[in-house]
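Below is entry_29.txt, which holds compact mmCIF, C-alpha atoms.
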# COMPACT_ATOMS: atom_id res chain seq x y z
CA MET X 1 -21.00 -140.87 43.92
CA PRO X 2 -19.73 -143.96 42.03
CA PRO X 3 -22.05 -145.03 39.18
CA GLU X 4 -22.86 -148.37 40.81
CA ALA X 5 -24.23 -146.52 43.87
CA PHE X 6 -26.38 -144.19 41.79
CA CYS X 7 -27.94 -146.52 39.24
CA THR X 8 -28.21 -150.19 38.32
CA TYR X 9 -27.78 -151.26 34.71
CA GLN X 10 -30.27 -153.76 33.38
CA PRO X 11 -29.54 -157.03 31.48
CA ASP X 12 -29.63 -155.26 28.10
CA GLY X 13 -26.42 -153.47 29.15
CA VAL X 14 -27.71 -149.94 28.52
CA SER X 15 -31.03 -149.33 30.34
CA PHE X 16 -30.77 -148.50 34.04
CA THR X 17 -32.89 -147.87 37.13
CA SER X 18 -32.24 -145.50 40.02
CA THR X 19 -33.94 -144.67 43.29
CA GLN X 20 -31.47 -141.83 43.91
CA ALA X 21 -32.37 -140.03 40.67
CA ALA X 22 -36.09 -140.38 41.42
CA ARG X 23 -35.67 -137.81 44.21
CA ILE X 24 -33.87 -135.19 42.09
CA LYS X 25 -36.03 -132.55 40.41
CA SER X 26 -33.30 -131.08 38.17
CA ILE X 27 -32.09 -134.28 36.50
CA TYR X 28 -33.59 -135.18 33.13
CA ALA X 29 -33.44 -137.47 30.12
CA PRO X 30 -33.90 -136.67 26.40
CA LEU X 31 -36.68 -138.11 24.24
CA CYS X 32 -36.87 -137.54 20.49
CA GLY X 33 -37.82 -138.80 17.07
CA ILE X 34 -35.35 -140.18 14.56
CA ASP X 35 -34.28 -136.84 13.04
CA THR X 36 -34.43 -133.07 13.42
CA LEU X 37 -37.92 -132.94 11.89
CA GLY X 38 -39.41 -134.80 14.87
CA LEU X 39 -40.32 -133.72 18.38
CA LYS X 40 -37.67 -133.17 21.04
CA SER X 41 -38.42 -133.51 24.75
CA ALA X 42 -36.78 -133.26 28.13
CA ILE X 43 -38.33 -135.26 30.97
CA THR X 44 -37.51 -135.55 34.68
CA PRO X 45 -38.41 -138.21 37.28
CA PHE X 46 -41.20 -135.79 38.26
CA LEU X 47 -42.38 -135.60 34.61
CA SER X 48 -41.29 -131.95 34.26
CA GLY X 49 -39.40 -130.55 31.26
CA ASP X 50 -40.73 -129.43 27.90
CA ILE X 51 -41.79 -130.65 24.43
CA LYS X 52 -40.99 -128.82 21.19
CA LEU X 53 -40.45 -129.20 17.46
CA ASP X 54 -38.18 -126.20 16.93
CA LYS X 55 -37.75 -122.66 18.27
CA PHE X 56 -41.01 -121.56 16.64
CA HIS X 57 -43.14 -124.49 17.85
CA TYR X 58 -43.14 -125.25 21.56
CA LEU X 59 -45.98 -127.57 22.50
CA THR X 60 -45.37 -126.77 26.16
CA LYS X 61 -43.76 -123.74 27.77
CA PRO X 62 -39.95 -123.62 27.26
CA ALA X 63 -38.10 -124.92 30.30
CA SER X 64 -34.75 -123.80 31.69
CA ARG X 65 -33.08 -125.67 34.53
CA GLU X 66 -35.01 -123.98 37.35
CA ASP X 67 -38.32 -124.54 35.54
CA LEU X 68 -37.82 -128.26 36.16
CA ARG X 69 -38.92 -127.66 39.76
CA PHE X 70 -42.49 -127.16 38.52
CA PRO X 71 -44.78 -129.88 37.13
CA LEU X 72 -45.64 -130.30 33.46
CA ARG X 73 -47.04 -133.74 32.59
CA GLU X 74 -49.37 -134.70 35.41
CA PHE X 75 -51.80 -137.42 36.33
CA PHE X 76 -54.03 -136.88 39.36
CA VAL X 77 -55.89 -139.52 41.33
CA PHE X 78 -58.72 -138.23 43.54
CA ILE X 79 -59.86 -140.59 46.32
CA LYS X 80 -62.82 -139.48 48.36
CA GLY X 81 -61.85 -139.17 52.02
CA LYS X 82 -58.10 -139.51 51.30
CA GLY X 83 -57.30 -136.64 48.95
CA VAL X 84 -55.30 -136.25 45.73
CA PHE X 85 -52.19 -138.20 44.66
CA ASN X 86 -49.98 -137.57 41.63
CA PHE X 87 -46.44 -137.80 40.24
CA PHE X 88 -45.03 -134.44 41.33
CA GLU X 89 -46.06 -134.31 44.99
CA GLU X 90 -44.48 -136.83 47.34
CA SER X 91 -44.12 -137.49 51.04
CA ALA X 92 -41.28 -138.95 53.08
CA ALA X 93 -43.20 -142.21 53.43
CA ASP X 94 -43.52 -142.67 49.64
CA SER X 95 -40.95 -144.42 47.45
CA ALA X 96 -40.00 -143.93 43.82
CA THR X 97 -37.84 -145.46 41.09
CA VAL X 98 -36.92 -144.08 37.69
CA GLY X 99 -35.89 -146.18 34.71
CA VAL X 100 -34.22 -144.83 31.57
CA GLY X 101 -33.51 -146.61 28.32
CA PRO X 102 -32.81 -145.70 24.69
CA LEU X 103 -35.02 -143.67 24.27
CA TRP X 104 -37.75 -144.15 26.85
CA HIS X 105 -38.36 -142.97 30.40
CA GLN X 106 -40.34 -144.63 33.17
CA VAL X 107 -41.05 -143.50 36.71
CA THR X 108 -42.89 -145.42 39.42
CA ARG X 109 -44.19 -143.74 42.57
CA VAL X 110 -45.73 -145.63 45.48
CA HIS X 111 -48.27 -143.67 47.53
CA LYS X 112 -48.67 -145.75 50.69
CA THR X 113 -51.42 -143.55 52.13
CA ALA X 114 -53.52 -144.09 49.00
CA GLY X 115 -52.61 -147.75 48.61
CA LEU X 116 -51.70 -147.07 44.99
CA GLN X 117 -48.69 -147.37 42.73
CA LEU X 118 -48.47 -144.92 39.81
CA THR X 119 -46.23 -145.68 36.82
CA ALA X 120 -45.67 -143.34 33.85
CA LEU X 121 -43.91 -144.54 30.69
CA ASN X 122 -42.95 -141.87 28.12
CA PHE X 123 -41.39 -142.06 24.65
CA ILE X 124 -41.59 -140.55 21.16
CA PRO X 125 -42.37 -143.06 18.38
CA VAL X 126 -39.83 -143.69 15.64
CA THR X 127 -42.47 -143.93 12.92
CA GLY X 128 -42.61 -140.18 12.22
CA GLU X 129 -45.69 -139.04 14.14
CA ARG X 130 -45.08 -135.73 15.91
CA LEU X 131 -46.25 -136.68 19.37
CA GLU X 132 -45.00 -137.81 22.76
CA LEU X 133 -46.77 -140.80 24.28
CA MET X 134 -47.39 -141.31 27.97
CA GLN X 135 -48.88 -144.47 29.43
CA VAL X 136 -49.97 -144.18 33.05
CA THR X 137 -50.72 -147.34 35.00
CA VAL X 138 -52.51 -147.18 38.34
CA LYS X 139 -52.16 -150.31 40.49
CA ASN X 140 -53.94 -151.14 43.73
CA ILE X 141 -51.24 -152.34 46.17
CA SER X 142 -53.59 -152.47 49.17
CA LYS X 143 -55.75 -155.35 50.37
CA LYS X 144 -59.05 -153.57 49.72
CA SER X 145 -60.85 -152.24 46.66
CA ILE X 146 -60.15 -148.60 45.86
CA SER X 147 -62.32 -146.18 43.88
CA PHE X 148 -60.71 -143.11 42.34
CA VAL X 149 -61.31 -140.36 39.80
CA PRO X 150 -58.37 -140.03 37.29
CA THR X 151 -57.39 -136.81 35.52
CA ALA X 152 -54.49 -136.30 33.11
CA ALA X 153 -53.20 -132.75 32.56
CA VAL X 154 -50.59 -131.08 30.34
CA PRO X 155 -50.60 -127.26 29.90
CA LEU X 156 -50.20 -126.35 26.21
CA PHE X 157 -48.12 -123.37 25.06
CA GLY X 158 -48.38 -123.56 21.26
CA ARG X 159 -46.07 -120.63 20.55
CA SER X 160 -42.53 -119.60 19.79
CA LEU X 161 -39.64 -119.79 22.24
CA ALA X 162 -39.50 -115.97 22.23
CA ASN X 163 -43.11 -115.72 23.41
CA LYS X 164 -42.15 -117.03 26.83
CA HIS X 165 -41.11 -113.46 27.57
CA ASP X 166 -42.27 -111.51 24.51
CA HIS X 167 -46.02 -110.99 23.99
CA GLU X 168 -46.96 -114.02 26.10
CA HIS X 169 -50.38 -112.64 27.04
CA VAL X 170 -51.12 -111.07 23.65
CA THR X 171 -50.35 -114.32 21.82
CA ALA X 172 -52.65 -116.18 24.22
CA LEU X 173 -55.48 -114.01 22.88
CA LEU X 174 -54.94 -115.76 19.54
CA ASN X 175 -55.71 -119.19 21.02
CA ARG X 176 -58.82 -121.00 19.86
CA PRO X 177 -59.16 -124.18 21.96
CA GLU X 178 -61.60 -126.89 20.99
CA GLN X 179 -63.05 -129.68 23.12
CA LYS X 180 -63.09 -132.96 21.22
CA ALA X 181 -64.15 -136.45 22.26
CA GLN X 182 -60.47 -137.49 22.48
CA GLY X 183 -59.35 -134.44 24.48
CA VAL X 184 -58.27 -130.85 23.87
CA LEU X 185 -57.21 -129.30 20.55
CA LEU X 186 -55.49 -125.91 20.31
CA HIS X 187 -55.75 -123.82 17.13
CA THR X 188 -53.39 -120.84 17.02
CA THR X 189 -54.72 -118.26 14.56
CA MET X 190 -51.51 -116.27 14.18
CA ALA X 191 -47.82 -116.37 15.06
CA PHE X 192 -46.03 -113.09 15.49
CA ASN X 193 -43.07 -111.33 17.02
CA GLU X 194 -41.09 -108.16 16.31
CA GLU X 195 -39.98 -109.61 12.97
CA GLY X 196 -43.50 -109.89 11.58
CA HIS X 197 -46.94 -111.50 11.68
CA LYS X 198 -47.85 -114.78 10.01
CA THR X 199 -50.96 -116.91 9.78
CA SER X 200 -50.49 -120.06 11.84
CA SER X 201 -51.20 -123.43 10.28
CA CYS X 202 -50.37 -125.53 13.35
CA VAL X 203 -52.64 -127.27 15.82
CA TYR X 204 -51.53 -128.70 19.15
CA TYR X 205 -53.34 -131.32 21.18
CA VAL X 206 -53.59 -133.52 24.25
CA TYR X 207 -55.66 -136.65 23.55
CA GLY X 208 -56.25 -139.67 25.72
CA CYS X 209 -58.04 -142.96 26.23
CA ASP X 210 -58.06 -145.86 28.67
CA GLU X 211 -56.55 -149.27 27.98
CA LYS X 212 -59.79 -150.33 26.22
CA ALA X 213 -59.58 -147.35 23.82
CA GLN X 214 -62.46 -145.58 25.56
CA ALA X 215 -62.34 -141.77 25.34
CA PRO X 216 -62.26 -139.52 28.41
CA GLN X 217 -65.56 -138.47 29.98
CA GLY X 218 -64.74 -134.83 29.35
CA SER X 219 -62.09 -132.12 29.54
CA PHE X 220 -61.07 -128.87 31.22
CA PRO X 221 -59.53 -126.99 28.27
CA THR X 222 -58.50 -123.69 29.88
CA VAL X 223 -56.49 -122.46 32.85
CA ASP X 224 -59.63 -120.79 34.17
CA SER X 225 -61.71 -123.97 34.05
CA PHE X 226 -59.02 -126.31 35.41
CA PHE X 227 -56.84 -124.33 37.81
CA GLY X 228 -59.61 -122.04 39.02
CA ASP X 229 -59.05 -118.66 40.63
CA GLY X 230 -57.16 -120.09 43.61
CA GLY X 231 -55.44 -123.10 42.05
CA SER X 232 -52.41 -123.98 39.93
CA ILE X 233 -50.93 -126.92 38.05
CA CYS X 234 -49.80 -128.21 41.45
CA LYS X 235 -53.28 -127.98 42.96
CA PRO X 236 -55.96 -127.51 40.32
CA GLN X 237 -59.36 -126.79 41.79
CA ALA X 238 -61.10 -129.04 39.26
CA VAL X 239 -59.24 -132.01 40.75
CA TYR X 240 -59.14 -131.10 44.44
CA GLU X 241 -62.84 -130.19 44.44
CA ASN X 242 -63.68 -133.10 42.11
CA LEU X 243 -65.56 -130.82 39.72
CA LYS X 244 -67.48 -132.28 36.79
CA ALA X 245 -66.08 -131.64 33.31
CA GLY X 246 -68.46 -129.73 31.04
CA ARG X 247 -68.67 -128.11 27.64
CA LEU X 248 -67.52 -124.49 27.49
CA SER X 249 -68.90 -121.80 25.19
CA ASN X 250 -66.76 -120.05 22.58
CA GLU X 251 -66.66 -116.99 24.83
CA GLU X 252 -65.18 -119.12 27.63
CA LEU X 253 -62.66 -120.78 25.28
CA ASP X 254 -61.32 -118.15 22.88
CA GLY X 255 -58.25 -116.17 23.87
CA LYS X 256 -57.49 -118.27 26.96
CA GLU X 257 -54.37 -120.07 28.15
CA VAL X 258 -54.91 -123.74 27.34
CA VAL X 259 -54.60 -126.91 29.43
CA GLY X 260 -55.07 -130.39 28.05
CA ALA X 261 -56.82 -131.69 31.17
CA LEU X 262 -58.68 -134.95 30.51
CA ARG X 263 -61.16 -136.38 33.02
CA PHE X 264 -61.62 -140.13 32.86
CA LYS X 265 -64.53 -141.97 34.42
CA GLU X 266 -64.36 -143.09 38.04
CA THR X 267 -62.57 -146.42 38.36
CA THR X 268 -62.68 -149.13 41.02
CA LEU X 269 -59.72 -151.47 41.36
CA LYS X 270 -59.72 -154.66 43.38
CA ALA X 271 -56.63 -155.57 45.39
CA GLY X 272 -53.68 -156.27 43.10
CA LYS X 273 -55.44 -155.05 39.94
CA SER X 274 -54.36 -152.21 37.65
CA GLN X 275 -55.74 -149.85 35.02
CA SER X 276 -53.82 -148.06 32.26
CA PHE X 277 -54.42 -144.77 30.48
CA ILE X 278 -52.80 -143.45 27.29
CA ILE X 279 -52.07 -139.75 26.78
CA ALA X 280 -50.67 -138.22 23.58
CA ILE X 281 -49.17 -134.71 23.43
CA GLY X 282 -48.61 -133.66 19.84
CA MET X 283 -48.89 -131.24 16.94
CA GLU X 284 -49.94 -131.42 13.30
CA ASN X 285 -50.87 -129.10 10.43
CA ASP X 286 -54.61 -129.69 10.74
CA ALA X 287 -57.16 -131.30 13.05
CA SER X 288 -57.76 -134.38 10.91
CA GLU X 289 -54.07 -135.30 11.08
CA THR X 290 -54.16 -135.22 14.89
CA LEU X 291 -56.87 -137.88 14.94
CA LYS X 292 -55.00 -139.96 12.38
CA SER X 293 -51.78 -139.88 14.42
CA PHE X 294 -53.52 -140.64 17.71
CA SER X 295 -55.38 -143.59 16.18
CA CYS X 296 -52.00 -145.31 15.68
CA PHE X 297 -51.47 -145.55 19.46
CA ASN X 298 -54.91 -145.51 21.13
CA SER X 299 -54.74 -148.99 22.66
CA THR X 300 -52.34 -150.89 24.89
CA GLN X 301 -51.47 -153.25 22.03
CA LYS X 302 -50.64 -150.42 19.63
CA LEU X 303 -48.58 -148.57 22.22
CA THR X 304 -46.63 -151.70 23.18
CA LYS X 305 -45.82 -152.35 19.53
CA ALA X 306 -44.61 -148.76 19.12
CA LEU X 307 -42.44 -149.05 22.23
CA GLU X 308 -40.76 -152.20 20.94
CA ALA X 309 -40.03 -150.49 17.62
CA ASN X 310 -38.59 -147.56 19.55
CA LYS X 311 -36.28 -149.79 21.60
CA LYS X 312 -35.07 -151.71 18.55
CA PHE X 313 -34.31 -148.57 16.53
CA TRP X 314 -32.16 -146.95 19.23
CA LEU X 315 -30.47 -150.18 20.33
CA ASP X 316 -29.44 -150.81 16.72
CA LYS X 317 -27.75 -147.39 16.74
CA ILE X 318 -25.95 -148.16 19.98
CA ASP X 319 -24.88 -151.64 18.90
CA SER X 320 -23.05 -150.24 15.87
CA ILE X 321 -20.02 -149.76 18.15
CA SER X 322 -19.11 -152.09 21.02
CA PHE X 323 -16.73 -151.63 23.95
CA ASN X 324 -15.22 -154.23 26.23
CA SER X 325 -13.07 -152.76 29.00
CA GLY X 326 -13.50 -155.45 31.60
CA ASP X 327 -15.72 -153.10 33.65
CA GLU X 328 -19.37 -153.77 32.83
CA ASN X 329 -20.58 -150.44 34.26
CA PHE X 330 -18.08 -148.55 32.12
CA ASN X 331 -19.09 -150.57 29.06
CA SER X 332 -22.74 -149.66 29.65
CA TRP X 333 -21.88 -145.98 30.13
CA MET X 334 -19.91 -146.00 26.87
CA ARG X 335 -22.99 -147.28 25.04
CA TRP X 336 -24.71 -144.01 25.95
CA VAL X 337 -21.63 -142.12 24.73
CA THR X 338 -22.06 -143.88 21.37
CA LEU X 339 -25.55 -142.42 21.13
CA GLN X 340 -24.42 -138.88 21.96
CA PRO X 341 -23.39 -137.73 18.43
CA VAL X 342 -26.76 -138.88 17.07
CA LEU X 343 -28.64 -136.96 19.77
CA ARG X 344 -26.43 -133.92 19.20
CA ARG X 345 -27.34 -133.92 15.51
CA ILE X 346 -31.07 -134.08 16.38
CA PHE X 347 -31.18 -131.69 19.35
CA GLY X 348 -28.48 -129.25 18.39
CA CYS X 349 -26.72 -127.43 21.21
CA SER X 350 -29.61 -125.51 22.76
CA PHE X 351 -32.73 -127.63 23.09
CA LEU X 352 -32.29 -129.05 26.59
CA PRO X 353 -32.77 -127.24 29.93
CA ASP X 354 -29.07 -126.84 30.73
CA HIS X 355 -28.42 -125.20 27.34
CA ASP X 356 -31.08 -122.50 27.42
CA TYR X 357 -28.86 -119.79 25.99
CA GLY X 358 -29.65 -120.57 22.36
CA LYS X 359 -32.40 -121.37 19.90
CA GLY X 360 -31.72 -124.95 18.93
CA GLY X 361 -28.97 -124.20 16.46
CA ARG X 362 -26.62 -126.93 15.27
CA GLY X 363 -23.14 -125.69 14.55
CA TRP X 364 -21.74 -126.39 11.10
CA ARG X 365 -18.18 -126.71 12.40
CA ASP X 366 -19.30 -128.93 15.30
CA ILE X 367 -21.13 -131.40 13.06
CA TRP X 368 -17.90 -132.17 11.19
CA GLN X 369 -16.46 -133.51 14.45
CA ASP X 370 -19.59 -135.59 15.06
CA LEU X 371 -19.26 -137.13 11.60
CA LEU X 372 -16.13 -138.94 12.77
CA SER X 373 -18.39 -140.98 15.06
CA LEU X 374 -21.37 -141.05 12.70
CA ILE X 375 -19.20 -142.71 10.04
CA LEU X 376 -19.20 -145.76 12.32
CA ILE X 377 -22.72 -145.38 13.74
CA GLU X 378 -24.64 -144.53 10.55
CA PRO X 379 -22.41 -145.59 7.62
CA ASN X 380 -25.36 -145.88 5.21
CA GLN X 381 -26.24 -142.19 5.36
CA VAL X 382 -22.94 -140.54 6.20
CA ARG X 383 -22.02 -140.09 2.53
CA GLN X 384 -25.08 -137.88 1.98
CA ASP X 385 -24.33 -136.03 5.21
CA LEU X 386 -20.84 -135.22 3.95
CA ILE X 387 -22.21 -133.97 0.63
CA ASN X 388 -24.83 -131.87 2.42
CA ASN X 389 -22.26 -130.38 4.78
CA CYS X 390 -20.09 -129.30 1.88
CA ALA X 391 -23.01 -127.12 0.75
CA GLY X 392 -22.08 -124.90 3.69
CA ILE X 393 -18.76 -123.95 2.07
CA ARG X 394 -19.02 -120.78 -0.01
CA ILE X 395 -16.41 -119.22 -2.24
CA ASP X 396 -17.02 -115.72 -0.85
CA GLY X 397 -16.11 -116.82 2.68
CA SER X 398 -19.65 -116.48 4.12
CA ASN X 399 -19.51 -120.07 5.26
CA ALA X 400 -22.40 -121.58 7.18
CA THR X 401 -22.38 -121.47 10.96
CA ILE X 402 -25.82 -122.98 11.59
CA ILE X 403 -27.35 -126.15 10.11
CA GLY X 404 -31.04 -126.08 9.26
CA ALA X 405 -33.56 -128.85 9.93
CA LYS X 406 -33.71 -130.03 6.31
CA PRO X 407 -30.84 -131.86 4.55
CA GLY X 408 -28.46 -129.39 2.91
CA GLU X 409 -30.06 -126.36 4.59
CA PHE X 410 -27.56 -123.90 6.05
CA LEU X 411 -27.63 -120.42 7.54
CA ALA X 412 -24.75 -117.98 7.68
CA ASP X 413 -25.86 -116.89 11.16
CA ARG X 414 -28.75 -117.68 13.54
CA ASN X 415 -29.63 -113.95 13.66
CA ALA X 416 -29.57 -113.52 9.88
CA ILE X 417 -26.30 -111.55 10.04
CA THR X 418 -24.00 -112.82 7.30
CA ARG X 419 -20.41 -113.05 8.45
CA VAL X 420 -17.26 -113.66 6.47
CA TRP X 421 -14.71 -115.76 8.32
CA MET X 422 -11.66 -117.91 7.73
CA VAL X 423 -10.46 -115.58 4.92
CA TRP X 424 -7.38 -114.45 6.83
CA LEU X 425 -6.53 -118.05 7.73
CA ASN X 426 -6.82 -119.20 4.14
CA SER X 427 -4.59 -116.31 3.01
CA GLY X 428 -2.00 -117.23 5.60
CA ILE X 429 -1.94 -120.82 4.41
CA CYS X 430 -1.49 -119.71 0.81
CA GLN X 431 1.42 -117.42 1.69
CA ALA X 432 3.11 -120.16 3.66
Show me, as structure tokens, the structure contained in the file I just sent.
Amino acid sequence: MPPEAFCTYQPDGVSFTSTQAARIKSIYAPLCGIDTLGLKSAITPFLSGDIKLDKFHYLTKPASREDLRFPLREFFVFIKGKGVFNFFEESAADSATVGVGPLWHQVTRVHKTAGLQLTALNFIPVTGERLELMQVTVKNISKKSISFVPTAAVPLFGRSLANKHDHEHVTALLNRPEQKAQGVLLHTTMAFNEEGHKTSSCVYYVYGCDEKAQAPQGSFPTVDSFFGDGGSICKPQAVYENLKAGRLSNEELDGKEVVGALRFKETTLKAGKSQSFIIAIGMENDASETLKSFSCFNSTQKLTKALEANKKFWLDKIDSISFNSGDENFNSWMRWVTLQPVLRRIFGCSFLPDHDYGKGGRGWRDIWQDLLSLILIEPNQVRQDLINNCAGIRIDGSNATIIGAKPGEFLADRNAITRVWMVWLNSGICQA
């Protein structure tokens, strides 16, 4: 399909919208912070994907390509007498549009039966907080007032990539969820695998508020309390049966799989009116830091300011190189190509659903090629990058193959197996 038939570029020459993509469950966009120390996300037009810091800290369950066919970030609207409406489920009569920009993602779904339009805007701030923000706006597109009960939900994983298949249930027994006024907080008491056992110092959370900074009415912090015995993330019993959120005892919380399900108060919208809700999915080293980070974005004004800073930061990266081919669609596509080396440096080669074979490693040899572009895109920091990369060259031949998250941090091998390479090549050059 020619690009012009699949998407429409916006006046900024880089953002685009697509109705075709909004129907595809396996297509996704990246979201991330400004460097490797920030969160990295994949998000689809159905809000699937995953959110992680590194291979040891997955906020949500790791997602391969086929996992994108199941929901992750969800927002449910319960209307008495009409049923439940959300972002993942759709009917032939509904319409949808997805918009993608550097680096934000927005999807709009129109539910004609409900008389509502749901819009979700997602991005990761560029100010260093380790969280993904989601703003959901519910608009009444009918001619009558509509009353609904809103619920946001994001299942939390809070474990290592390996625990998706290794000790998944046992590590869940280490969970200590906590219900807070802002939402759900997950303490993980220990992180372990076959390599060893370590005390965990991380907390994960899903917090939320409405556009007036009012906290949710309550939460459903566990799979048992939200999904119920016969439900799932697609059809949670707490939503479909419009159950009331309550406080759970420690016995009901400890050792359970965790869901950041936030119940907001019932809302009535007049014709043409809208209501927004803010949801933050993040991680910190302690509970007090989660509240501090969330307080930076817990109003429409704060979130809008953060979004504008996000757009400016990434557009400045893109504008460092310009192309003029005479074909505006090609020029816009090339602006995304300009951003690719920066995203490669942040994500590595294994942190998106189509590259699920690895553990987020960034190849030392590959990054040298990216530096050819980064010299033009980030000239102010490329000198330090070159110096750091040279730290991967060792006189004994055990040169680095993997780049760590911190500047100048290198590993000889992702599996801790030191290898000596290039010695024969160097000898050949010397003999010649």
Between CA of Lys212 (chain X) and CA of Ser299 (chain X) - distance in Å to one decimal: 6.3 Å
CA of Asp224 (chain X) to CA of Glu252 (chain X), distance in Å rounded to a single decimal: 8.7 Å
Report the closest atom pair, with its distance in Å rounded to one decimal, for each residue of region 300-352 of chain X that has an atom no farther than 7 Å from region 34-44 of chain X; count all atoms listed in the file, sort by chain and then rising residue number, and write it as JSON lines.
{"residue": "X:Ile346", "atom": "CA", "partner": "X:Thr36", "partner_atom": "CA", "distance": 4.6}
{"residue": "X:Phe347", "atom": "CA", "partner": "X:Lys40", "partner_atom": "CA", "distance": 6.9}
{"residue": "X:Leu352", "atom": "CA", "partner": "X:Ala42", "partner_atom": "CA", "distance": 6.3}
Thr189 (chain X) surroundings by all atoms listed in the file, 9 Å radius, close-in-sequence under 3 positions cut, as a ChimeraX atom specification: /X:174-176,198-202
Nearby residues (all atoms listed in the file) at most 8 Å from Gln179 (chain X), same-chain spacing under 6 positions excluded, as a list in words: Leu185, Ser219, Pro221 and Arg247 of chain X
Non-local contacts of Ala261 (chain X) (8 Å; all atoms listed in the file; under 2 positions in same chain excluded) as number ranges by chain: X: 151-155, 183-184, 206, 219-221, 226, 259, 263
Contacts of region 79-89 of chain X within 10 Å, all atoms listed in the file, excl. fewer than 5 positions in-chain, as JSON, numbers by chain: {"X": [25, 45, 46, 47, 48, 69, 70, 71, 72, 73, 74, 94, 96, 107, 108, 109, 110, 111, 113, 114, 116, 117, 118, 119, 120, 146, 147, 148, 149, 150, 151, 152, 234, 235, 239, 240, 241, 242, 266]}
Who sits within 9 Å of region 8-21 of chain X, only C-alpha atoms, same chain under 2 positions skipped, as a ChimeraX atom specification: /X:3-6,23-25,27,45,95-102,315,318,328-329,331-336
Selected residues written out with C-alpha atoms, as a PDB file, in the coordinates of the input:
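Below is the file result.pdb, written as the result:
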ATOM      1  CA  PRO X   3     -22.050-145.030  39.180  1.00  0.00           C
ATOM      2  CA  GLU X   4     -22.860-148.370  40.810  1.00  0.00           C
ATOM      3  CA  ALA X   5     -24.230-146.520  43.870  1.00  0.00           C
ATOM      4  CA  PHE X   6     -26.380-144.190  41.790  1.00  0.00           C
ATOM      5  CA  ARG X  23     -35.670-137.810  44.210  1.00  0.00           C
ATOM      6  CA  ILE X  24     -33.870-135.190  42.090  1.00  0.00           C
ATOM      7  CA  LYS X  25     -36.030-132.550  40.410  1.00  0.00           C
ATOM      8  CA  ILE X  27     -32.090-134.280  36.500  1.00  0.00           C
ATOM      9  CA  PRO X  45     -38.410-138.210  37.280  1.00  0.00           C
ATOM     10  CA  SER X  95     -40.950-144.420  47.450  1.00  0.00           C
ATOM     11  CA  ALA X  96     -40.000-143.930  43.820  1.00  0.00           C
ATOM     12  CA  THR X  97     -37.840-145.460  41.090  1.00  0.00           C
ATOM     13  CA  VAL X  98     -36.920-144.080  37.690  1.00  0.00           C
ATOM     14  CA  GLY X  99     -35.890-146.180  34.710  1.00  0.00           C
ATOM     15  CA  VAL X 100     -34.220-144.830  31.570  1.00  0.00           C
ATOM     16  CA  GLY X 101     -33.510-146.610  28.320  1.00  0.00           C
ATOM     17  CA  PRO X 102     -32.810-145.700  24.690  1.00  0.00           C
ATOM     18  CA  LEU X 315     -30.470-150.180  20.330  1.00  0.00           C
ATOM     19  CA  ILE X 318     -25.950-148.160  19.980  1.00  0.00           C
ATOM     20  CA  GLU X 328     -19.370-153.770  32.830  1.00  0.00           C
ATOM     21  CA  ASN X 329     -20.580-150.440  34.260  1.00  0.00           C
ATOM     22  CA  ASN X 331     -19.090-150.570  29.060  1.00  0.00           C
ATOM     23  CA  SER X 332     -22.740-149.660  29.650  1.00  0.00           C
ATOM     24  CA  TRP X 333     -21.880-145.980  30.130  1.00  0.00           C
ATOM     25  CA  MET X 334     -19.910-146.000  26.870  1.00  0.00           C
ATOM     26  CA  ARG X 335     -22.990-147.280  25.040  1.00  0.00           C
ATOM     27  CA  TRP X 336     -24.710-144.010  25.950  1.00  0.00           C
TER      28      TRP X 336
END
Of the listed residues X:His187, X:Lys244, X:Lys270, X:Lys265, that which approaches Lys139 (chain X) most closely, counting all atoms listed in the file: X:Lys270
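Separating CA of Ala172 (chain X) from CA of Asp254 (chain X) is a distance of 9.0 Å.
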